[in-house]
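J.: Got a structure for you, written out below as structure tokens; questions coming shortly.
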Amino acid sequence: MTRKYDPHQIETRWQESWERDGLYSVAEDPSRPAYYVLEMFPYPSGDIHMGHVRNYTIGDVLARHLTMTGHQVLHPIGWDAFGLPAENAAIKSDSHPAEWTYANIDRQKASFKRMGFSYDWDRSLATCDEEYYRWGQWIFIKFWERGLVERKSSPVNWCPSCKTVLANEQVLGEGVCWRCKSTVEKRELEQWYFKITDYAQELLDDLDGLPGWPERVKTMQANWIGRSEGAEVDFTLCDAAGEPTEERITVFTTRPDTLFGCSFFLLAPEHPLVHDLVHGTEYAAPVREVVEAAAKETAVERAMGDREKRGAFTGRFVVNPVNGEKVPVWVADYVLMDYGTGAVMAVPCGDQRDFEFARTYGLPVPPVVLPEDDPALETLRTAADRVIDDVEWECAYDGPGIMVQSGPFTGMPTGKGGTGVAAVTRWLEDHGSGRFSINFRLRDWLISRQRYWGNPIPAVHCPACGLVPVPEADLPVRLPREVDITKGETLADHPEFYETSCPSCAGPARRETDTMDTFTCSSWYYLRYCDARNAEEIWDVDKARYWMPVDQYIGGIEHAILHLLYSRFFTKVFRDMGLVDFAEPFTNLLTQGMVKKDGEVMSKSKGNVVAPEEMIAEYGADALRAYILFMAPPDKDLEWSFDGLEGMFRWLGRVWRFVSDSAEEISGGCGVAASGDPAAKALHREMHRVIGKVTDDIARFNLNTALAAMMELTNAAYDYRNAVDPGARDLALLGEVAENLTLLLAPFVPHMAEELWVEVLGKPGSVHRHPWPAFDASAAAADEVEIVVQVNGKVRARATVAVDLAEEDVLAIALSEVSEHTEGRELVKTVVVPGKLVNIVVR
């Protein structure tokens, strides 16, 4: 008698067997093609939820399938363990971040094993492990040696809730902290930076070499890098009496063709010249008001186009190099130090924000570019000197057109395809007043964090020698455990940590007390997996060459800029160091959709997390794995519902019964050795169709339709058993269907497939080491096909015909099937669509 499907009896037993046998431990094997499958590693911020289940199950299906297709598959896991989430949670629970983090890692590890994920646990790591963050400090020093580390004072993003600085990429579009959503402030602080801008152009160019990445992600990165071509223009600063000085203020502009329309000049409130320009003058107080008000707003808020612009006149002027005109210098809150030079030549006729500022403060708007259909063009086309100082426009015009009131450039076309930009840029270069320039929106990566739970920056401040790196032999700089974060303590509160001696002169010195941004830890972990236990070097170059780059990376769209951009930067530096021989870390990228509940993304903060343990306890891990993959394509968001889980469990039960019953029939010999009857042919054909369908769907990540195809094969198998008497059933076919269905299911429901393969079908070895079923296209092709017969556009009959039947014979059969609808009527036209329909027109 067939025993009932019981996942609880099966799953943990096979998990223990796989671990005992080291089934998923892999090493380099030059005889097999390598394939690296990686899901973004999790934060150990608590128990896993359905978002984790979905993400890691997608990767597990791919890893298992590739192993069965003959690949040597690397499929590791670890934890992104440093950072604010762990520190804040530890404060909340009145515990130490290390204790809290490692306890969560243990729980998540147990959950991952319970889900049956095929991870190589010998390679697992946590970024807070001393043997890992030691190499993070080594990377910092190597970057420093290459001139990619800088400590400087500048306005930075400060989160008052997290009490730390943030990189530009960590400030969301609303001007809030990416972690706690508090409004971010600007502060002037001395901080550590990685010079990612040295690689800006390469980071942009190499996006074209990533066909396996979603266009949306590449566009987001390209926009963040933000390459602009234009000109740097030098304006001469005038003294308080209005006389030109030797001092120059440089601006970057993408529209040097509009220079003749510059009617005022703007400085960012943070610009270092602002204080000196107004100090001790009547203009100091109103300028100070603008500066102080701007400091209370985020850069995002200040840059919003629809907000009111605020500014103040400094009492000073600059000289426009193209026409010698003196234009007033203002401080404006919508000008940012983070883009360009922090100074802007304001051309209100061509820029909407400048236009609005001019209207607010009564500044002139001289037109210098007009569209070709503008009535004023006839008057101004030949006017080299300024004829009109102001216009009564309702908004700025930034489109293509004809240059007017622009000296020798008047009459030149400008905009896309025009010559004005290039001509003015050449003039600036010839006269020593400017130069062609490329500007990037991307800024250097601020990596300092004023929090405890992070990787210590390996630097020493020496009064005699200045900044000195910690020698490699002294790494790691250990993160001390004796810090009470519940009292707000950081490394700066512990003299036993920061009091040290200079590695250069041996004199008394102070150790750096900032820690590194957690993204420095996640920017290279994928490489450490290649050689995770190497204590002598960061990784063996040959091992990295065998496994890397990652063939398939899987993670959320929220990492499009932060983690993915930083990882690309790190990889390019590693290439230049000779540690790798490639420039991009991830060949293919899948950004899986979010799992939502009640319309919101699952998160602990929203209180809508659904944990898998309860469902596993009732239905088993296999049913949960299959169900969450069946709910939606991997790249689409899904709304979590319990409704279909029981149905998935019932289907697995049907598969179990079919395979078990077929095995009993075969062992009992009740049936025929082989059969060529139509029912057997149909099942054989369906089996091969589904093998092809599932194989193709996995390659395309259509995992939901792959499961649907296997359900169709299950139905076809039951239809065959119901249609054919036990003594006439084709035993060889039943065995083949049972085996192939089990193999197809193995990546999706690994425990049940293993039990069916070994214990029910009696096969040697693990199903996960057996070759994937071979697709036979000819076997999947139908011998016969059903066609539709229409008369005057209406379906009148259906007929089954041989696939290779001649067209005239198909027509003859169709006419015989609908003779009652055509008898006594004139045959006007016939159309035969092979394999589909025959359309007959009569009158």
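Ordering of the structure tokens sets the chain letters (A, B, ...); residue numbers start at 1 within each chain; ligands are numbered from 1 in the order shown.
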Which neighbours of A:Asp542 fall inside 10 Å, counting only C-alpha atoms, when residues of the same chain fewer than 3 positions from it are skipped, and could you give them as a VMD selection string?
T.: chain A and resid 28 530 to 531 539 545 to 548 579 to 580
J.: Just write the chosen residues, all heavy atoms, as a CSV table (one decimal), in the first residue's frame.
T.:
chain,number,residue,atom,x,y,z
A,28,GLU,N,37.2,23.7,-6.9
A,28,GLU,CA,37.4,23.9,-8.3
A,28,GLU,C,37.7,22.6,-9.1
A,28,GLU,O,38.3,21.7,-8.6
A,28,GLU,CB,38.7,24.8,-8.4
A,28,GLU,CG,38.6,26.2,-7.8
A,28,GLU,CD,38.7,26.1,-6.3
A,28,GLU,OE1,39.4,25.2,-5.7
A,28,GLU,OE2,38.0,26.9,-5.6
A,530,CYS,N,35.2,32.8,-2.8
A,530,CYS,CA,36.0,31.9,-3.6
A,530,CYS,C,37.1,31.2,-2.8
A,530,CYS,O,37.6,30.2,-3.3
A,530,CYS,CB,36.6,32.7,-4.8
A,530,CYS,SG,35.4,33.5,-5.9
A,531,ASP,N,37.4,31.8,-1.7
A,531,ASP,CA,38.6,31.3,-0.9
A,531,ASP,C,38.4,31.7,0.5
A,531,ASP,O,39.2,32.4,1.1
A,531,ASP,CB,39.9,31.8,-1.5
A,531,ASP,CG,41.1,31.0,-1.0
A,531,ASP,OD1,40.9,29.9,-0.4
A,531,ASP,OD2,42.2,31.4,-1.2
A,539,TRP,N,42.4,36.4,-1.1
A,539,TRP,CA,41.9,35.2,-1.8
A,539,TRP,C,43.0,34.7,-2.8
A,539,TRP,O,43.9,35.5,-3.2
A,539,TRP,CB,40.6,35.4,-2.6
A,539,TRP,CG,40.7,36.6,-3.6
A,539,TRP,CD1,41.4,36.5,-4.9
A,539,TRP,CD2,40.2,37.9,-3.5
A,539,TRP,NE1,41.2,37.8,-5.5
A,539,TRP,CE2,40.5,38.6,-4.7
A,539,TRP,CE3,39.4,38.5,-2.5
A,539,TRP,CZ2,40.1,39.9,-4.9
A,539,TRP,CZ3,39.1,39.8,-2.7
A,539,TRP,CH2,39.4,40.5,-3.9
A,545,ARG,N,39.8,33.3,-10.3
A,545,ARG,CA,39.7,33.2,-11.8
A,545,ARG,C,38.8,32.1,-12.2
A,545,ARG,O,38.1,32.2,-13.2
A,545,ARG,CB,41.1,33.1,-12.4
A,545,ARG,CG,41.1,33.1,-13.9
A,545,ARG,CD,42.6,32.9,-14.5
A,545,ARG,NE,43.4,34.1,-14.1
A,545,ARG,CZ,44.5,34.0,-13.3
A,545,ARG,NH1,44.8,32.8,-12.8
A,545,ARG,NH2,45.2,35.1,-13.0
A,546,TYR,N,38.8,31.0,-11.4
A,546,TYR,CA,37.9,29.9,-11.8
A,546,TYR,C,36.5,30.2,-11.6
A,546,TYR,O,35.6,29.9,-12.4
A,546,TYR,CB,38.3,28.6,-11.0
A,546,TYR,CG,37.4,27.4,-11.2
A,546,TYR,CD1,37.6,26.6,-12.3
A,546,TYR,CD2,36.4,27.1,-10.3
A,546,TYR,CE1,36.8,25.5,-12.6
A,546,TYR,CE2,35.5,26.0,-10.6
A,546,TYR,CZ,35.8,25.2,-11.7
A,546,TYR,OH,34.9,24.2,-11.9
A,547,TRP,N,36.1,30.9,-10.5
A,547,TRP,CA,34.7,31.1,-10.1
A,547,TRP,C,34.2,32.4,-10.7
A,547,TRP,O,33.0,32.4,-11.0
A,547,TRP,CB,34.5,31.0,-8.6
A,547,TRP,CG,34.8,29.7,-8.0
A,547,TRP,CD1,35.8,29.4,-7.1
A,547,TRP,CD2,34.0,28.5,-8.1
A,547,TRP,NE1,35.6,28.1,-6.7
A,547,TRP,CE2,34.6,27.5,-7.3
A,547,TRP,CE3,32.9,28.2,-8.9
A,547,TRP,CZ2,34.1,26.2,-7.2
A,547,TRP,CZ3,32.4,26.9,-8.8
A,547,TRP,CH2,32.9,25.9,-8.0
A,548,MET,N,34.9,33.4,-10.7
A,548,MET,CA,34.4,34.7,-11.0
A,548,MET,C,34.5,35.0,-12.5
A,548,MET,O,35.3,34.5,-13.2
A,548,MET,CB,35.2,35.8,-10.2
A,548,MET,CG,35.0,35.8,-8.7
A,548,MET,SD,33.3,36.4,-8.3
A,548,MET,CE,33.4,38.1,-8.8
A,579,LEU,N,44.6,41.6,-8.7
A,579,LEU,CA,43.9,40.6,-7.9
A,579,LEU,C,42.9,39.8,-8.7
A,579,LEU,O,42.5,38.7,-8.3
A,579,LEU,CB,43.2,41.2,-6.6
A,579,LEU,CG,44.2,41.7,-5.6
A,579,LEU,CD1,43.4,42.5,-4.5
A,579,LEU,CD2,45.0,40.6,-5.0
A,580,VAL,N,42.3,40.4,-9.7
A,580,VAL,CA,41.4,39.8,-10.6
A,580,VAL,C,41.7,40.2,-12.1
A,580,VAL,O,42.4,41.2,-12.3
A,580,VAL,CB,39.9,40.1,-10.3
A,580,VAL,CG1,39.5,39.7,-8.9
A,580,VAL,CG2,39.6,41.6,-10.5
J.: What's the 9 Å shell around A:Asp333, counting only C-alpha atoms, without same-chain residues fewer than 2 positions away, as a ChimeraX atom specification?
T.: /A:267-269,290-291,293-294,302-303,309-311,331,335-336
J.: Suppose we keep C-alpha atoms; can you now write the selection as a compact mmCIF listing (two decimals), in the first residue's frame?
T.:
# COMPACT_ATOMS: atom_id res chain seq x y z
CA LEU A 267 27.00 81.10 -5.10
CA ALA A 268 25.87 78.17 -2.95
CA PRO A 269 25.32 79.11 0.70
CA VAL A 290 19.94 82.63 3.62
CA VAL A 291 22.93 80.53 4.70
CA ALA A 293 17.99 78.74 6.46
CA ALA A 294 19.64 76.58 3.79
CA ARG A 302 16.63 72.84 -1.92
CA ALA A 303 16.91 71.42 -5.42
CA LYS A 309 13.82 80.35 -4.28
CA ARG A 310 15.53 82.46 -1.63
CA GLY A 311 18.66 84.55 -2.00
CA VAL A 331 23.80 83.75 -2.69
CA VAL A 335 22.60 76.23 -5.72
CA LEU A 336 24.43 73.21 -4.25
J.: Need to verify the contact set: A:Ser118, 10 Å, only C-alpha atoms, exclusion of same-chain residues closer than 6 positions in sequence. Can you return it as a PyMOL selection string?
T.: chain A and resi 15+18-19+23-25+56-57+59-61+63-64+74-77+112+747+750+768
J.: Filtering to N, CA and C atoms, could you give me those residues as a PDB file, in the first residue's frame?
T.:
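In the end it all went to result.pdb:
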ATOM      1  N   GLN A  15      17.892  16.650   5.036  1.00  0.00           N
ATOM      2  CA  GLN A  15      18.794  17.766   5.330  1.00  0.00           C
ATOM      3  C   GLN A  15      20.014  17.287   6.106  1.00  0.00           C
ATOM      4  N   TRP A  18      22.268  15.279   3.648  1.00  0.00           N
ATOM      5  CA  TRP A  18      23.036  16.135   2.737  1.00  0.00           C
ATOM      6  C   TRP A  18      24.230  16.764   3.451  1.00  0.00           C
ATOM      7  N   GLU A  19      23.986  17.237   4.677  1.00  0.00           N
ATOM      8  CA  GLU A  19      25.062  17.881   5.421  1.00  0.00           C
ATOM      9  C   GLU A  19      26.128  16.861   5.809  1.00  0.00           C
ATOM     10  N   LEU A  23      27.099  17.136   0.490  1.00  0.00           N
ATOM     11  CA  LEU A  23      26.580  17.112  -0.874  1.00  0.00           C
ATOM     12  C   LEU A  23      26.789  18.438  -1.601  1.00  0.00           C
ATOM     13  N   TYR A  24      26.763  19.552  -0.858  1.00  0.00           N
ATOM     14  CA  TYR A  24      26.821  20.859  -1.505  1.00  0.00           C
ATOM     15  C   TYR A  24      28.160  21.566  -1.303  1.00  0.00           C
ATOM     16  N   SER A  25      29.154  20.839  -0.790  1.00  0.00           N
ATOM     17  CA  SER A  25      30.504  21.395  -0.692  1.00  0.00           C
ATOM     18  C   SER A  25      31.193  21.215  -2.044  1.00  0.00           C
ATOM     19  N   TYR A  56      15.810  33.572  -1.811  1.00  0.00           N
ATOM     20  CA  TYR A  56      16.780  32.485  -1.719  1.00  0.00           C
ATOM     21  C   TYR A  56      16.282  31.204  -2.380  1.00  0.00           C
ATOM     22  N   THR A  57      14.980  31.032  -2.494  1.00  0.00           N
ATOM     23  CA  THR A  57      14.463  29.869  -3.216  1.00  0.00           C
ATOM     24  C   THR A  57      14.709  30.018  -4.719  1.00  0.00           C
ATOM     25  N   GLY A  59      17.240  31.488  -6.178  1.00  0.00           N
ATOM     26  CA  GLY A  59      18.634  31.123  -6.407  1.00  0.00           C
ATOM     27  C   GLY A  59      18.879  29.642  -6.235  1.00  0.00           C
ATOM     28  N   ASP A  60      18.201  29.041  -5.269  1.00  0.00           N
ATOM     29  CA  ASP A  60      18.409  27.613  -5.017  1.00  0.00           C
ATOM     30  C   ASP A  60      17.926  26.762  -6.185  1.00  0.00           C
ATOM     31  N   VAL A  61      16.788  27.126  -6.774  1.00  0.00           N
ATOM     32  CA  VAL A  61      16.302  26.387  -7.940  1.00  0.00           C
ATOM     33  C   VAL A  61      17.336  26.448  -9.062  1.00  0.00           C
ATOM     34  N   ALA A  63      20.620  27.044  -8.841  1.00  0.00           N
ATOM     35  CA  ALA A  63      21.849  26.331  -8.481  1.00  0.00           C
ATOM     36  C   ALA A  63      21.669  24.827  -8.628  1.00  0.00           C
ATOM     37  N   ARG A  64      20.543  24.299  -8.155  1.00  0.00           N
ATOM     38  CA  ARG A  64      20.296  22.855  -8.246  1.00  0.00           C
ATOM     39  C   ARG A  64      20.156  22.419  -9.713  1.00  0.00           C
ATOM     40  N   LEU A  74      29.010  27.047  -7.613  1.00  0.00           N
ATOM     41  CA  LEU A  74      29.302  27.690  -6.331  1.00  0.00           C
ATOM     42  C   LEU A  74      28.048  28.425  -5.887  1.00  0.00           C
ATOM     43  N   HIS A  75      27.553  28.056  -4.696  1.00  0.00           N
ATOM     44  CA  HIS A  75      26.318  28.653  -4.172  1.00  0.00           C
ATOM     45  C   HIS A  75      26.507  28.897  -2.676  1.00  0.00           C
ATOM     46  N   PRO A  76      27.137  30.016  -2.309  1.00  0.00           N
ATOM     47  CA  PRO A  76      27.459  30.292  -0.902  1.00  0.00           C
ATOM     48  C   PRO A  76      26.445  31.226  -0.238  1.00  0.00           C
ATOM     49  N   ILE A  77      26.621  31.383   1.059  1.00  0.00           N
ATOM     50  CA  ILE A  77      25.772  32.299   1.838  1.00  0.00           C
ATOM     51  C   ILE A  77      26.604  32.877   2.980  1.00  0.00           C
ATOM     52  N   PHE A 112      17.457  28.671   7.075  1.00  0.00           N
ATOM     53  CA  PHE A 112      17.914  28.378   5.717  1.00  0.00           C
ATOM     54  C   PHE A 112      18.088  26.879   5.511  1.00  0.00           C
ATOM     55  N   PRO A 747      14.841  20.533  -8.354  1.00  0.00           N
ATOM     56  CA  PRO A 747      15.286  21.869  -7.925  1.00  0.00           C
ATOM     57  C   PRO A 747      14.239  22.625  -7.123  1.00  0.00           C
ATOM     58  N   PRO A 750      13.203  19.818  -3.261  1.00  0.00           N
ATOM     59  CA  PRO A 750      14.350  18.899  -3.199  1.00  0.00           C
ATOM     60  C   PRO A 750      14.172  17.719  -2.248  1.00  0.00           C
ATOM     61  N   HIS A 768      19.894  14.883  -6.854  1.00  0.00           N
ATOM     62  CA  HIS A 768      20.522  16.176  -7.157  1.00  0.00           C
ATOM     63  C   HIS A 768      21.882  16.022  -7.816  1.00  0.00           C
TER      64      HIS A 768
END
J.: Just want the 9 Å neighbourhood of A:Thr742, counted on only C-alpha atoms, with same-chain residues fewer than 2 positions away dropped. Output as number ranges by chain.
T.: A: 655, 659, 737-740, 744-746, 752-754, 756-757, 767
J.: What would the file look like if the residues just selected were written as a PDB file, in the first residue's frame with C-alpha atoms?
T.:
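Full text of again.pdb as output:
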ATOM      1  CA  VAL A 655       2.682  13.616  -7.530  1.00  0.00           C
ATOM      2  CA  VAL A 659       5.162   8.023  -8.524  1.00  0.00           C
ATOM      3  CA  VAL A 737       7.292   9.588 -16.576  1.00  0.00           C
ATOM      4  CA  ALA A 738       7.731   8.956 -12.839  1.00  0.00           C
ATOM      5  CA  GLU A 739      11.507   9.328 -13.075  1.00  0.00           C
ATOM      6  CA  ASN A 740      11.453  12.439 -15.257  1.00  0.00           C
ATOM      7  CA  LEU A 744      12.084  18.021 -12.987  1.00  0.00           C
ATOM      8  CA  LEU A 745      10.758  18.627  -9.491  1.00  0.00           C
ATOM      9  CA  ALA A 746      14.149  18.199  -7.792  1.00  0.00           C
ATOM     10  CA  MET A 752      10.314  15.118  -1.757  1.00  0.00           C
ATOM     11  CA  ALA A 753      12.240  14.512  -4.978  1.00  0.00           C
ATOM     12  CA  GLU A 754      15.101  12.910  -3.047  1.00  0.00           C
ATOM     13  CA  LEU A 756      10.915   9.599  -4.316  1.00  0.00           C
ATOM     14  CA  TRP A 757      14.163   8.988  -6.167  1.00  0.00           C
ATOM     15  CA  VAL A 767      18.615  12.878  -7.372  1.00  0.00           C
TER      16      VAL A 767
END
J.: My list of candidates is A:Gly620, A:Gly340, A:Pro495, A:Gly362. Which is closest to A:Phe313 when distances are computed with only C-alpha atoms?
T.: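 Closest to A:Phe313 of all the choices is A:Gly362.
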J.: Which is closer to A:Met115 than all the others in A:Gln191, A:Thr12, A:Gln552, A:Asn168, using only C-alpha atoms?
T.: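 That would be A:Thr12, the residue with the smallest distance to A:Met115.
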J.: May I have the residues within 9 Å of stretch 787-793 of chain A as an MDAnalysis selection string, using only C-alpha atoms and disregarding those fewer than 3 positions away in the same chain?
T.: chainID A and resid 796:801 814:815 817:818 821:822 833:843
J.: Include N, CA, C and O atoms and write out the residues we just selected as a PDB file, in the first residue's frame.
T.:
ATOM      1  N   ARG A 796     -17.940  25.645 -37.361  1.00  0.00           N
ATOM      2  CA  ARG A 796     -18.999  24.665 -37.611  1.00  0.00           C
ATOM      3  C   ARG A 796     -18.581  23.238 -37.257  1.00  0.00           C
ATOM      4  O   ARG A 796     -19.438  22.369 -37.077  1.00  0.00           O
ATOM      5  N   ALA A 797     -17.252  22.998 -37.155  1.00  0.00           N
ATOM      6  CA  ALA A 797     -16.803  21.640 -36.844  1.00  0.00           C
ATOM      7  C   ALA A 797     -15.339  21.677 -36.422  1.00  0.00           C
ATOM      8  O   ALA A 797     -14.646  22.691 -36.583  1.00  0.00           O
ATOM      9  N   ARG A 798     -14.879  20.543 -35.876  1.00  0.00           N
ATOM     10  CA  ARG A 798     -13.469  20.328 -35.567  1.00  0.00           C
ATOM     11  C   ARG A 798     -13.096  18.967 -36.115  1.00  0.00           C
ATOM     12  O   ARG A 798     -13.908  18.044 -36.083  1.00  0.00           O
ATOM     13  N   ALA A 799     -11.867  18.864 -36.559  1.00  0.00           N
ATOM     14  CA  ALA A 799     -11.435  17.594 -37.151  1.00  0.00           C
ATOM     15  C   ALA A 799     -10.002  17.295 -36.740  1.00  0.00           C
ATOM     16  O   ALA A 799      -9.179  18.213 -36.611  1.00  0.00           O
ATOM     17  N   THR A 800      -9.699  16.028 -36.524  1.00  0.00           N
ATOM     18  CA  THR A 800      -8.342  15.597 -36.197  1.00  0.00           C
ATOM     19  C   THR A 800      -7.693  15.057 -37.468  1.00  0.00           C
ATOM     20  O   THR A 800      -8.236  14.148 -38.124  1.00  0.00           O
ATOM     21  N   VAL A 801      -6.520  15.629 -37.777  1.00  0.00           N
ATOM     22  CA  VAL A 801      -5.835  15.231 -39.005  1.00  0.00           C
ATOM     23  C   VAL A 801      -4.366  14.964 -38.698  1.00  0.00           C
ATOM     24  O   VAL A 801      -3.817  15.438 -37.681  1.00  0.00           O
ATOM     25  N   ALA A 814     -12.141  18.691 -44.226  1.00  0.00           N
ATOM     26  CA  ALA A 814     -12.900  19.812 -43.674  1.00  0.00           C
ATOM     27  C   ALA A 814     -14.234  19.967 -44.390  1.00  0.00           C
ATOM     28  O   ALA A 814     -15.279  20.175 -43.747  1.00  0.00           O
ATOM     29  N   LEU A 815     -14.248  19.858 -45.713  1.00  0.00           N
ATOM     30  CA  LEU A 815     -15.497  19.995 -46.480  1.00  0.00           C
ATOM     31  C   LEU A 815     -16.484  18.890 -46.124  1.00  0.00           C
ATOM     32  O   LEU A 815     -17.701  19.130 -46.026  1.00  0.00           O
ATOM     33  N   GLU A 817     -16.734  17.451 -43.264  1.00  0.00           N
ATOM     34  CA  GLU A 817     -17.230  17.665 -41.908  1.00  0.00           C
ATOM     35  C   GLU A 817     -18.350  18.709 -41.870  1.00  0.00           C
ATOM     36  O   GLU A 817     -19.169  18.714 -40.949  1.00  0.00           O
ATOM     37  N   VAL A 818     -18.377  19.645 -42.844  1.00  0.00           N
ATOM     38  CA  VAL A 818     -19.367  20.740 -42.805  1.00  0.00           C
ATOM     39  C   VAL A 818     -20.265  20.696 -44.040  1.00  0.00           C
ATOM     40  O   VAL A 818     -20.794  21.734 -44.455  1.00  0.00           O
ATOM     41  N   HIS A 821     -23.558  22.489 -44.171  1.00  0.00           N
ATOM     42  CA  HIS A 821     -23.546  23.956 -44.191  1.00  0.00           C
ATOM     43  C   HIS A 821     -23.137  24.498 -45.559  1.00  0.00           C
ATOM     44  O   HIS A 821     -23.228  25.708 -45.789  1.00  0.00           O
ATOM     45  N   THR A 822     -22.679  23.626 -46.451  1.00  0.00           N
ATOM     46  CA  THR A 822     -22.222  24.097 -47.761  1.00  0.00           C
ATOM     47  C   THR A 822     -23.028  23.520 -48.925  1.00  0.00           C
ATOM     48  O   THR A 822     -22.931  24.019 -50.053  1.00  0.00           O
ATOM     49  N   VAL A 833      -4.965  27.078 -42.944  1.00  0.00           N
ATOM     50  CA  VAL A 833      -3.837  27.444 -42.083  1.00  0.00           C
ATOM     51  C   VAL A 833      -3.335  26.148 -41.475  1.00  0.00           C
ATOM     52  O   VAL A 833      -3.995  25.589 -40.589  1.00  0.00           O
ATOM     53  N   PRO A 834      -2.209  25.619 -41.930  1.00  0.00           N
ATOM     54  CA  PRO A 834      -1.743  24.297 -41.511  1.00  0.00           C
ATOM     55  C   PRO A 834      -1.680  24.152 -39.995  1.00  0.00           C
ATOM     56  O   PRO A 834      -1.142  25.017 -39.297  1.00  0.00           O
ATOM     57  N   GLY A 835      -2.266  23.065 -39.528  1.00  0.00           N
ATOM     58  CA  GLY A 835      -2.223  22.747 -38.108  1.00  0.00           C
ATOM     59  C   GLY A 835      -3.177  23.535 -37.253  1.00  0.00           C
ATOM     60  O   GLY A 835      -3.231  23.342 -36.029  1.00  0.00           O
ATOM     61  N   LYS A 836      -3.969  24.451 -37.875  1.00  0.00           N
ATOM     62  CA  LYS A 836      -4.834  25.300 -37.049  1.00  0.00           C
ATOM     63  C   LYS A 836      -6.284  25.335 -37.532  1.00  0.00           C
ATOM     64  O   LYS A 836      -7.193  24.969 -36.776  1.00  0.00           O
ATOM     65  N   LEU A 837      -6.515  25.778 -38.757  1.00  0.00           N
ATOM     66  CA  LEU A 837      -7.908  25.935 -39.167  1.00  0.00           C
ATOM     67  C   LEU A 837      -8.052  25.880 -40.683  1.00  0.00           C
ATOM     68  O   LEU A 837      -7.095  26.057 -41.432  1.00  0.00           O
ATOM     69  N   VAL A 838      -9.328  25.648 -41.078  1.00  0.00           N
ATOM     70  CA  VAL A 838      -9.738  25.787 -42.471  1.00  0.00           C
ATOM     71  C   VAL A 838     -10.935  26.724 -42.484  1.00  0.00           C
ATOM     72  O   VAL A 838     -11.902  26.513 -41.734  1.00  0.00           O
ATOM     73  N   ASN A 839     -10.868  27.772 -43.317  1.00  0.00           N
ATOM     74  CA  ASN A 839     -11.975  28.718 -43.419  1.00  0.00           C
ATOM     75  C   ASN A 839     -12.582  28.585 -44.827  1.00  0.00           C
ATOM     76  O   ASN A 839     -11.875  28.668 -45.834  1.00  0.00           O
ATOM     77  N   ILE A 840     -13.903  28.365 -44.847  1.00  0.00           N
ATOM     78  CA  ILE A 840     -14.621  28.156 -46.104  1.00  0.00           C
ATOM     79  C   ILE A 840     -15.634  29.283 -46.277  1.00  0.00           C
ATOM     80  O   ILE A 840     -16.407  29.572 -45.356  1.00  0.00           O
ATOM     81  N   VAL A 841     -15.599  29.935 -47.456  1.00  0.00           N
ATOM     82  CA  VAL A 841     -16.544  31.011 -47.747  1.00  0.00           C
ATOM     83  C   VAL A 841     -17.489  30.518 -48.843  1.00  0.00           C
ATOM     84  O   VAL A 841     -17.039  30.088 -49.918  1.00  0.00           O
ATOM     85  N   VAL A 842     -18.819  30.555 -48.564  1.00  0.00           N
ATOM     86  CA  VAL A 842     -19.840  30.126 -49.547  1.00  0.00           C
ATOM     87  C   VAL A 842     -20.892  31.209 -49.668  1.00  0.00           C
ATOM     88  O   VAL A 842     -21.022  32.091 -48.814  1.00  0.00           O
ATOM     89  N   ARG A 843     -21.708  31.108 -50.749  1.00  0.00           N
ATOM     90  CA  ARG A 843     -22.851  32.017 -50.892  1.00  0.00           C
ATOM     91  C   ARG A 843     -23.960  31.315 -51.652  1.00  0.00           C
ATOM     92  O   ARG A 843     -23.731  30.286 -52.321  1.00  0.00           O
TER      93      ARG A 843
END
J.: Using only C-alpha atoms, determine which residues lie at most 8 Å from A:Lys572, disregarding the query and same-chain residues fewer than 6 positions distant; provide the list as a ChimeraX atom specification.
T.: /A:582-584
J.: How would the residues just picked look written out with N, CA and C atoms as an mmCIF file, in the first residue's frame?
T.:
data_model
loop_
_atom_site.group_PDB
_atom_site.id
_atom_site.type_symbol
_atom_site.label_atom_id
_atom_site.label_comp_id
_atom_site.auth_asym_id
_atom_site.auth_seq_id
_atom_site.Cartn_x
_atom_site.Cartn_y
_atom_site.Cartn_z
ATOM 1 N N PHE A 582 39.204 40.700 -14.478
ATOM 2 C CA PHE A 582 37.956 41.147 -15.093
ATOM 3 C C PHE A 582 37.558 42.466 -14.458
ATOM 4 N N ALA A 583 36.623 43.161 -15.103
ATOM 5 C CA ALA A 583 36.272 44.515 -14.651
ATOM 6 C C ALA A 583 34.889 44.614 -14.037
ATOM 7 N N GLU A 584 34.051 43.616 -14.240
ATOM 8 C CA GLU A 584 32.685 43.659 -13.718
ATOM 9 C C GLU A 584 32.419 42.428 -12.868
#
J.: What parts of stretch 342-398 of chain A does DSSP call strand (DSSP E or B)? I'd like the answer as a count of residues only.
T.: 6
